[in-house]
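S.K.: The following block contains the structure, expressed as structure tokens.
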Amino acid sequence: MKYDAYALKGRILPALFSIILPIMIFNHFYISEELSKFIGEVFGAELIANLTISGICLYYLSEAGRVLGKNIFENNYFKNESHMPTTNYLMHSDNSYSEQYKKMIREKINTDFGITLPTISDEVNNNEISRTRIVETMALVRKKLHHNKFLLQHNIEYGAMRNAIGGSVLGIIFSFVNIAFFNFYVLVDLATKISIATLFVYLIFIIFSKYIMNFYANNYAKILFREYMA
């Protein structure tokens, strides 16, 4: 299974960190050699078969992290993109950019797409509709910059952190399972300590998730407008 740069860095690596790690801990400290051999024989002894199965597992686990990150955290913090920095920066009420610079961006958008963004009056009368119009417009801007290497890098960074945060939800669950298992069923002190450490790390990601996502989303927005106006 082939992965592009975004899939590898933005999805697979976060999944390895936040979801696969607790599973690897369980496998290392408990799964017996005989059971591992049996599983290998069931799924096929050839390396290519094992790689295919691993690739499929990685894909679905990384997708689980992405879905959780997007639906639990991103949609909650950014209100389905309507409060993303890429939207906020173009609102008249936002002071991140000067009115002169925002006017230049609006004029370029009008030239490129024939779209007139909401006025101050539009924002006052219906803020949410104004935000929705900006969200729709920014989708066109992102498409225009689809192959921009600087924007891609920041998109990967944001996606990786969002997916790692989403995966941390499952990481916390798996870590709790490991702690209970190795503390009460199969007594392995080292496995318990490592699982407590992973639990702590995932909790840190969840606790600071809003700050982390805001940081990377703002970086992405700044690069997007910089490259669009270049």
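Residues in the structure tokens are numbered from 1 in each chain, the chains being A, B, ... in the order shown, and ligands are numbered from 1 in the order shown.
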As a list in words, please: the residues near Asn214 of chain A (cut-off 10 Å, only C-alpha atoms, same-chain neighbours under 5 positions excluded).

M.R.: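 The residues satisfying every condition are Glu74, Tyr77, Phe78, Met84, Pro85, Tyr158, Ser209, Asn219 and Tyr220 of chain A.
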
S.K.: Could you please take those selected residues and save N, CA and C atoms as an mmCIF file, in the first residue's frame?

M.R.:
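Output below, filename part_2.cif:
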data_model
loop_
_atom_site.group_PDB
_atom_site.id
_atom_site.type_symbol
_atom_site.label_atom_id
_atom_site.label_comp_id
_atom_site.auth_asym_id
_atom_site.auth_seq_id
_atom_site.Cartn_x
_atom_site.Cartn_y
_atom_site.Cartn_z
ATOM 1 N N GLU A 74 -11.602 19.263 16.076
ATOM 2 C CA GLU A 74 -11.604 20.339 15.080
ATOM 3 C C GLU A 74 -12.974 20.985 14.937
ATOM 4 N N TYR A 77 -13.743 23.023 18.154
ATOM 5 C CA TYR A 77 -12.948 24.239 18.343
ATOM 6 C C TYR A 77 -13.183 25.269 17.239
ATOM 7 N N PHE A 78 -13.360 24.799 16.008
ATOM 8 C CA PHE A 78 -13.432 25.708 14.862
ATOM 9 C C PHE A 78 -14.807 25.761 14.199
ATOM 10 N N MET A 84 -12.230 28.850 11.775
ATOM 11 C CA MET A 84 -10.826 28.589 11.474
ATOM 12 C C MET A 84 -10.095 29.925 11.299
ATOM 13 N N PRO A 85 -8.786 29.967 11.580
ATOM 14 C CA PRO A 85 -8.032 31.203 11.333
ATOM 15 C C PRO A 85 -8.141 31.692 9.883
ATOM 16 N N TYR A 158 -0.299 20.523 10.564
ATOM 17 C CA TYR A 158 -1.588 20.671 11.244
ATOM 18 C C TYR A 158 -2.333 19.338 11.286
ATOM 19 N N SER A 209 -5.042 20.238 23.727
ATOM 20 C CA SER A 209 -5.442 20.078 22.325
ATOM 21 C C SER A 209 -5.866 21.392 21.669
ATOM 22 N N ASN A 219 -0.572 29.025 12.067
ATOM 23 C CA ASN A 219 0.605 28.952 11.198
ATOM 24 C C ASN A 219 0.203 28.633 9.765
ATOM 25 N N TYR A 220 -0.722 27.694 9.622
ATOM 26 C CA TYR A 220 -1.193 27.315 8.291
ATOM 27 C C TYR A 220 -1.862 28.495 7.597
#

S.K.: Would you list, as number ranges by chain, the residues of segment 3-146 of chain A that end up in helix (DSSP H, G or I) under DSSP run on this structure's backbone?

M.R.: A: 5-29, 33-43, 47-78, 85-88, 99-113, 120-125, 127-144

S.K.: Closest to Leu58 of chain A among A:Ser18, A:Lys222, A:Glu128, A:Ile179, using only C-alpha atoms?

M.R.: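 Ranking A:Ser18, A:Lys222, A:Glu128, A:Ile179 by distance to Leu58 of chain A, first place goes to A:Ser18.
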
S.K.: Taking 3 positions as the minimum chain separation for residues in the same chain, which residues sit within 12 Å of segment 110-126 of chain A when counting only C-alpha atoms? Answer as a PyMOL selection string.

M.R.: chain A and resi 87-88+90-94+99+102-107+129-141+143-144+228-229

S.K.: Since we have the selection now, will you write its residues out, keeping N, CA and C atoms, as a CSV table (one decimal), in the first residue's frame?

M.R.:
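Contents of the output file again.csv:
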chain,number,residue,atom,x,y,z
A,87,THR,N,-10.7,31.7,8.1
A,87,THR,CA,-11.9,32.4,8.1
A,87,THR,C,-11.8,33.7,8.9
A,88,ASN,N,-11.4,33.6,10.1
A,88,ASN,CA,-11.3,34.7,11.1
A,88,ASN,C,-10.5,35.8,10.5
A,90,LEU,N,-10.1,37.0,7.7
A,90,LEU,CA,-10.8,37.8,6.6
A,90,LEU,C,-12.1,38.6,7.2
A,91,MET,N,-12.4,38.3,8.4
A,91,MET,CA,-13.5,39.0,9.0
A,91,MET,C,-13.1,40.5,9.3
A,92,HIS,N,-14.0,41.4,9.1
A,92,HIS,CA,-13.7,42.8,9.4
A,92,HIS,C,-13.5,43.0,10.9
A,93,SER,N,-14.1,42.2,11.7
A,93,SER,CA,-14.0,42.4,13.1
A,93,SER,C,-12.7,41.8,13.7
A,94,ASP,N,-11.9,41.1,12.9
A,94,ASP,CA,-10.7,40.5,13.3
A,94,ASP,C,-9.5,41.4,13.1
A,99,GLU,N,-6.7,46.4,7.8
A,99,GLU,CA,-7.7,46.5,6.8
A,99,GLU,C,-7.2,46.7,5.4
A,102,LYS,N,-6.3,43.2,4.2
A,102,LYS,CA,-7.5,42.4,4.0
A,102,LYS,C,-8.2,42.9,2.7
A,103,LYS,N,-8.1,44.2,2.4
A,103,LYS,CA,-8.7,44.7,1.2
A,103,LYS,C,-8.0,44.2,0.0
A,104,MET,N,-6.6,44.1,0.1
A,104,MET,CA,-5.9,43.5,-1.0
A,104,MET,C,-6.2,42.0,-1.3
A,105,ILE,N,-6.4,41.3,-0.2
A,105,ILE,CA,-6.8,39.9,-0.3
A,105,ILE,C,-8.2,39.8,-1.0
A,106,ARG,N,-9.1,40.6,-0.5
A,106,ARG,CA,-10.5,40.5,-1.0
A,106,ARG,C,-10.5,40.9,-2.5
A,107,GLU,N,-9.7,41.9,-2.9
A,107,GLU,CA,-9.6,42.3,-4.3
A,107,GLU,C,-9.1,41.2,-5.2
A,129,ILE,N,-23.6,33.5,8.3
A,129,ILE,CA,-23.7,33.4,6.8
A,129,ILE,C,-22.4,34.0,6.2
A,130,SER,N,-22.0,35.1,6.8
A,130,SER,CA,-20.7,35.8,6.3
A,130,SER,C,-19.6,34.8,6.4
A,131,ARG,N,-19.5,34.1,7.6
A,131,ARG,CA,-18.4,33.2,7.8
A,131,ARG,C,-18.5,32.0,6.8
A,132,THR,N,-19.7,31.5,6.5
A,132,THR,CA,-19.9,30.4,5.6
A,132,THR,C,-19.5,30.8,4.2
A,133,ARG,N,-19.7,32.0,3.8
A,133,ARG,CA,-19.3,32.5,2.5
A,133,ARG,C,-17.8,32.5,2.4
A,134,ILE,N,-17.1,32.9,3.5
A,134,ILE,CA,-15.7,32.9,3.5
A,134,ILE,C,-15.1,31.5,3.4
A,135,VAL,N,-15.7,30.6,4.2
A,135,VAL,CA,-15.3,29.2,4.2
A,135,VAL,C,-15.4,28.6,2.8
A,136,GLU,N,-16.4,28.9,2.1
A,136,GLU,CA,-16.6,28.4,0.7
A,136,GLU,C,-15.6,29.0,-0.2
A,137,THR,N,-15.2,30.2,0.0
A,137,THR,CA,-14.2,30.9,-0.8
A,137,THR,C,-12.8,30.4,-0.6
A,138,MET,N,-12.5,30.1,0.7
A,138,MET,CA,-11.2,29.6,1.1
A,138,MET,C,-10.9,28.2,0.5
A,139,ALA,N,-12.0,27.5,0.3
A,139,ALA,CA,-11.8,26.1,-0.4
A,139,ALA,C,-11.3,26.3,-1.8
A,140,LEU,N,-11.7,27.4,-2.5
A,140,LEU,CA,-11.2,27.7,-3.8
A,140,LEU,C,-9.8,28.1,-3.8
A,141,VAL,N,-9.4,28.9,-2.8
A,141,VAL,CA,-8.1,29.4,-2.6
A,141,VAL,C,-7.1,28.2,-2.3
A,143,LYS,N,-7.5,25.2,-3.2
A,143,LYS,CA,-7.4,24.4,-4.4
A,143,LYS,C,-6.4,25.0,-5.4
A,144,LYS,N,-6.4,26.3,-5.4
A,144,LYS,CA,-5.5,27.1,-6.3
A,144,LYS,C,-4.1,26.9,-5.9
A,228,TYR,N,-0.7,33.0,-1.2
A,228,TYR,CA,-1.7,33.4,-2.1
A,228,TYR,C,-1.4,34.8,-2.7
A,229,MET,N,-0.9,35.6,-1.8
A,229,MET,CA,-0.6,37.0,-2.2
A,229,MET,C,0.8,37.2,-2.8

S.K.: Can you tell me, as a list in words, what residues are no more than 12 Å from Lys149 of chain A when counting only C-alpha atoms, ignoring any on the same chain fewer than 3 positions away?

M.R.: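 Once the adjacent positions are removed, what remains is Ala5, Tyr6, Leu145, His146, Leu152, Gln153, His154, Asn155, Ile156, Ile223, Leu224 and Glu227 of chain A.
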
S.K.: I need the residues from that last selection saved to file as a PDB file, in the first residue's frame (with C-alpha atoms), if you can.

M.R.:
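Below you can see part12.pdb, which holds the result:
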ATOM      1  CA  ALA A   5       3.754  12.591   2.025  1.00  0.00           C
ATOM      2  CA  TYR A   6       0.540  13.729   3.743  1.00  0.00           C
ATOM      3  CA  LEU A 145      -2.512  26.522  -4.006  1.00  0.00           C
ATOM      4  CA  HIS A 146      -2.840  22.732  -4.028  1.00  0.00           C
ATOM      5  CA  LEU A 152       1.597  21.438   1.947  1.00  0.00           C
ATOM      6  CA  GLN A 153       4.217  21.271   4.693  1.00  0.00           C
ATOM      7  CA  HIS A 154       2.067  23.314   7.087  1.00  0.00           C
ATOM      8  CA  ASN A 155      -1.014  21.332   6.108  1.00  0.00           C
ATOM      9  CA  ILE A 156       0.852  18.137   7.002  1.00  0.00           C
ATOM     10  CA  ILE A 223       1.361  30.679   5.128  1.00  0.00           C
ATOM     11  CA  LEU A 224      -1.773  30.294   3.017  1.00  0.00           C
ATOM     12  CA  GLU A 227       1.608  32.303  -0.631  1.00  0.00           C
TER      13      GLU A 227
END

S.K.: Hey, which of A:Ile194, A:Leu199, A:Leu16, A:Ile172 ends up closest to Ala160 of chain A? Count only C-alpha atoms.

M.R.: A:Leu16

S.K.: Could you work out how far atom CA of Arg66 of chain A lies from atom CA of Leu8 of chain A, giving the answer in Å with one decimal?

M.R.: 12.8 Å

S.K.: One decimal, Å: what's the distance from atom CA of Arg11 of chain A over to atom CA of Phe73 of chain A, could you say?

M.R.: 15.8 Å

S.K.: Using only C-alpha atoms, which of the listed residues (A:Tyr30, A:Tyr211, A:Tyr89, A:Phe17) sits closest to Gly65 of chain A?

M.R.: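 Closest residue, counting only C-alpha atoms: A:Phe17.
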
S.K.: From the set A:Leu190, A:Ala217, A:Leu21, A:Leu151, which residue has the shortest atom-to-atom contact distance to Ser175 of chain A, counting only C-alpha atoms?

M.R.: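 Closest to Ser175 of chain A of all the choices is A:Leu21.
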
S.K.: Give me the residues near Ala180 of chain A as a PDB file with C-alpha atoms, in the first residue's frame, where near means some atom within 12 Å (using only C-alpha atoms) and where sequence neighbours in that chain fewer than 5 positions away do not count.

M.R.:
ATOM      1  CA  PHE A  26       0.608  -5.396  24.781  1.00  0.00           C
ATOM      2  CA  ILE A 173      -8.407   3.687  26.171  1.00  0.00           C
ATOM      3  CA  PHE A 174      -5.738   1.174  25.109  1.00  0.00           C
ATOM      4  CA  SER A 175      -3.369   2.413  27.820  1.00  0.00           C
ATOM      5  CA  TYR A 185      -4.270 -10.236  35.194  1.00  0.00           C
ATOM      6  CA  VAL A 186      -0.719 -10.811  33.933  1.00  0.00           C
ATOM      7  CA  LEU A 187       1.599  -9.086  36.381  1.00  0.00           C
ATOM      8  CA  VAL A 188       4.306  -7.247  34.437  1.00  0.00           C
ATOM      9  CA  ASP A 189       5.556  -4.227  36.330  1.00  0.00           C
ATOM     10  CA  ALA A 191       4.551  -2.953  31.068  1.00  0.00           C
ATOM     11  CA  THR A 192       2.365  -1.232  33.664  1.00  0.00           C
ATOM     12  CA  LYS A 193       4.855   1.618  34.113  1.00  0.00           C
ATOM     13  CA  SER A 195       1.482   2.128  29.920  1.00  0.00           C
ATOM     14  CA  ILE A 196       1.104   4.719  32.670  1.00  0.00           C
TER      15      ILE A 196
END

S.K.: Check the smallest atom-to-atom distance from each of A:Asn27, A:Ala15, A:Tyr216, A:Val201 to Asn178 of chain A using only C-alpha atoms, then report the winner.

M.R.: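 When distances to Asn178 of chain A are compared using only C-alpha atoms, the smallest one comes from A:Asn27.
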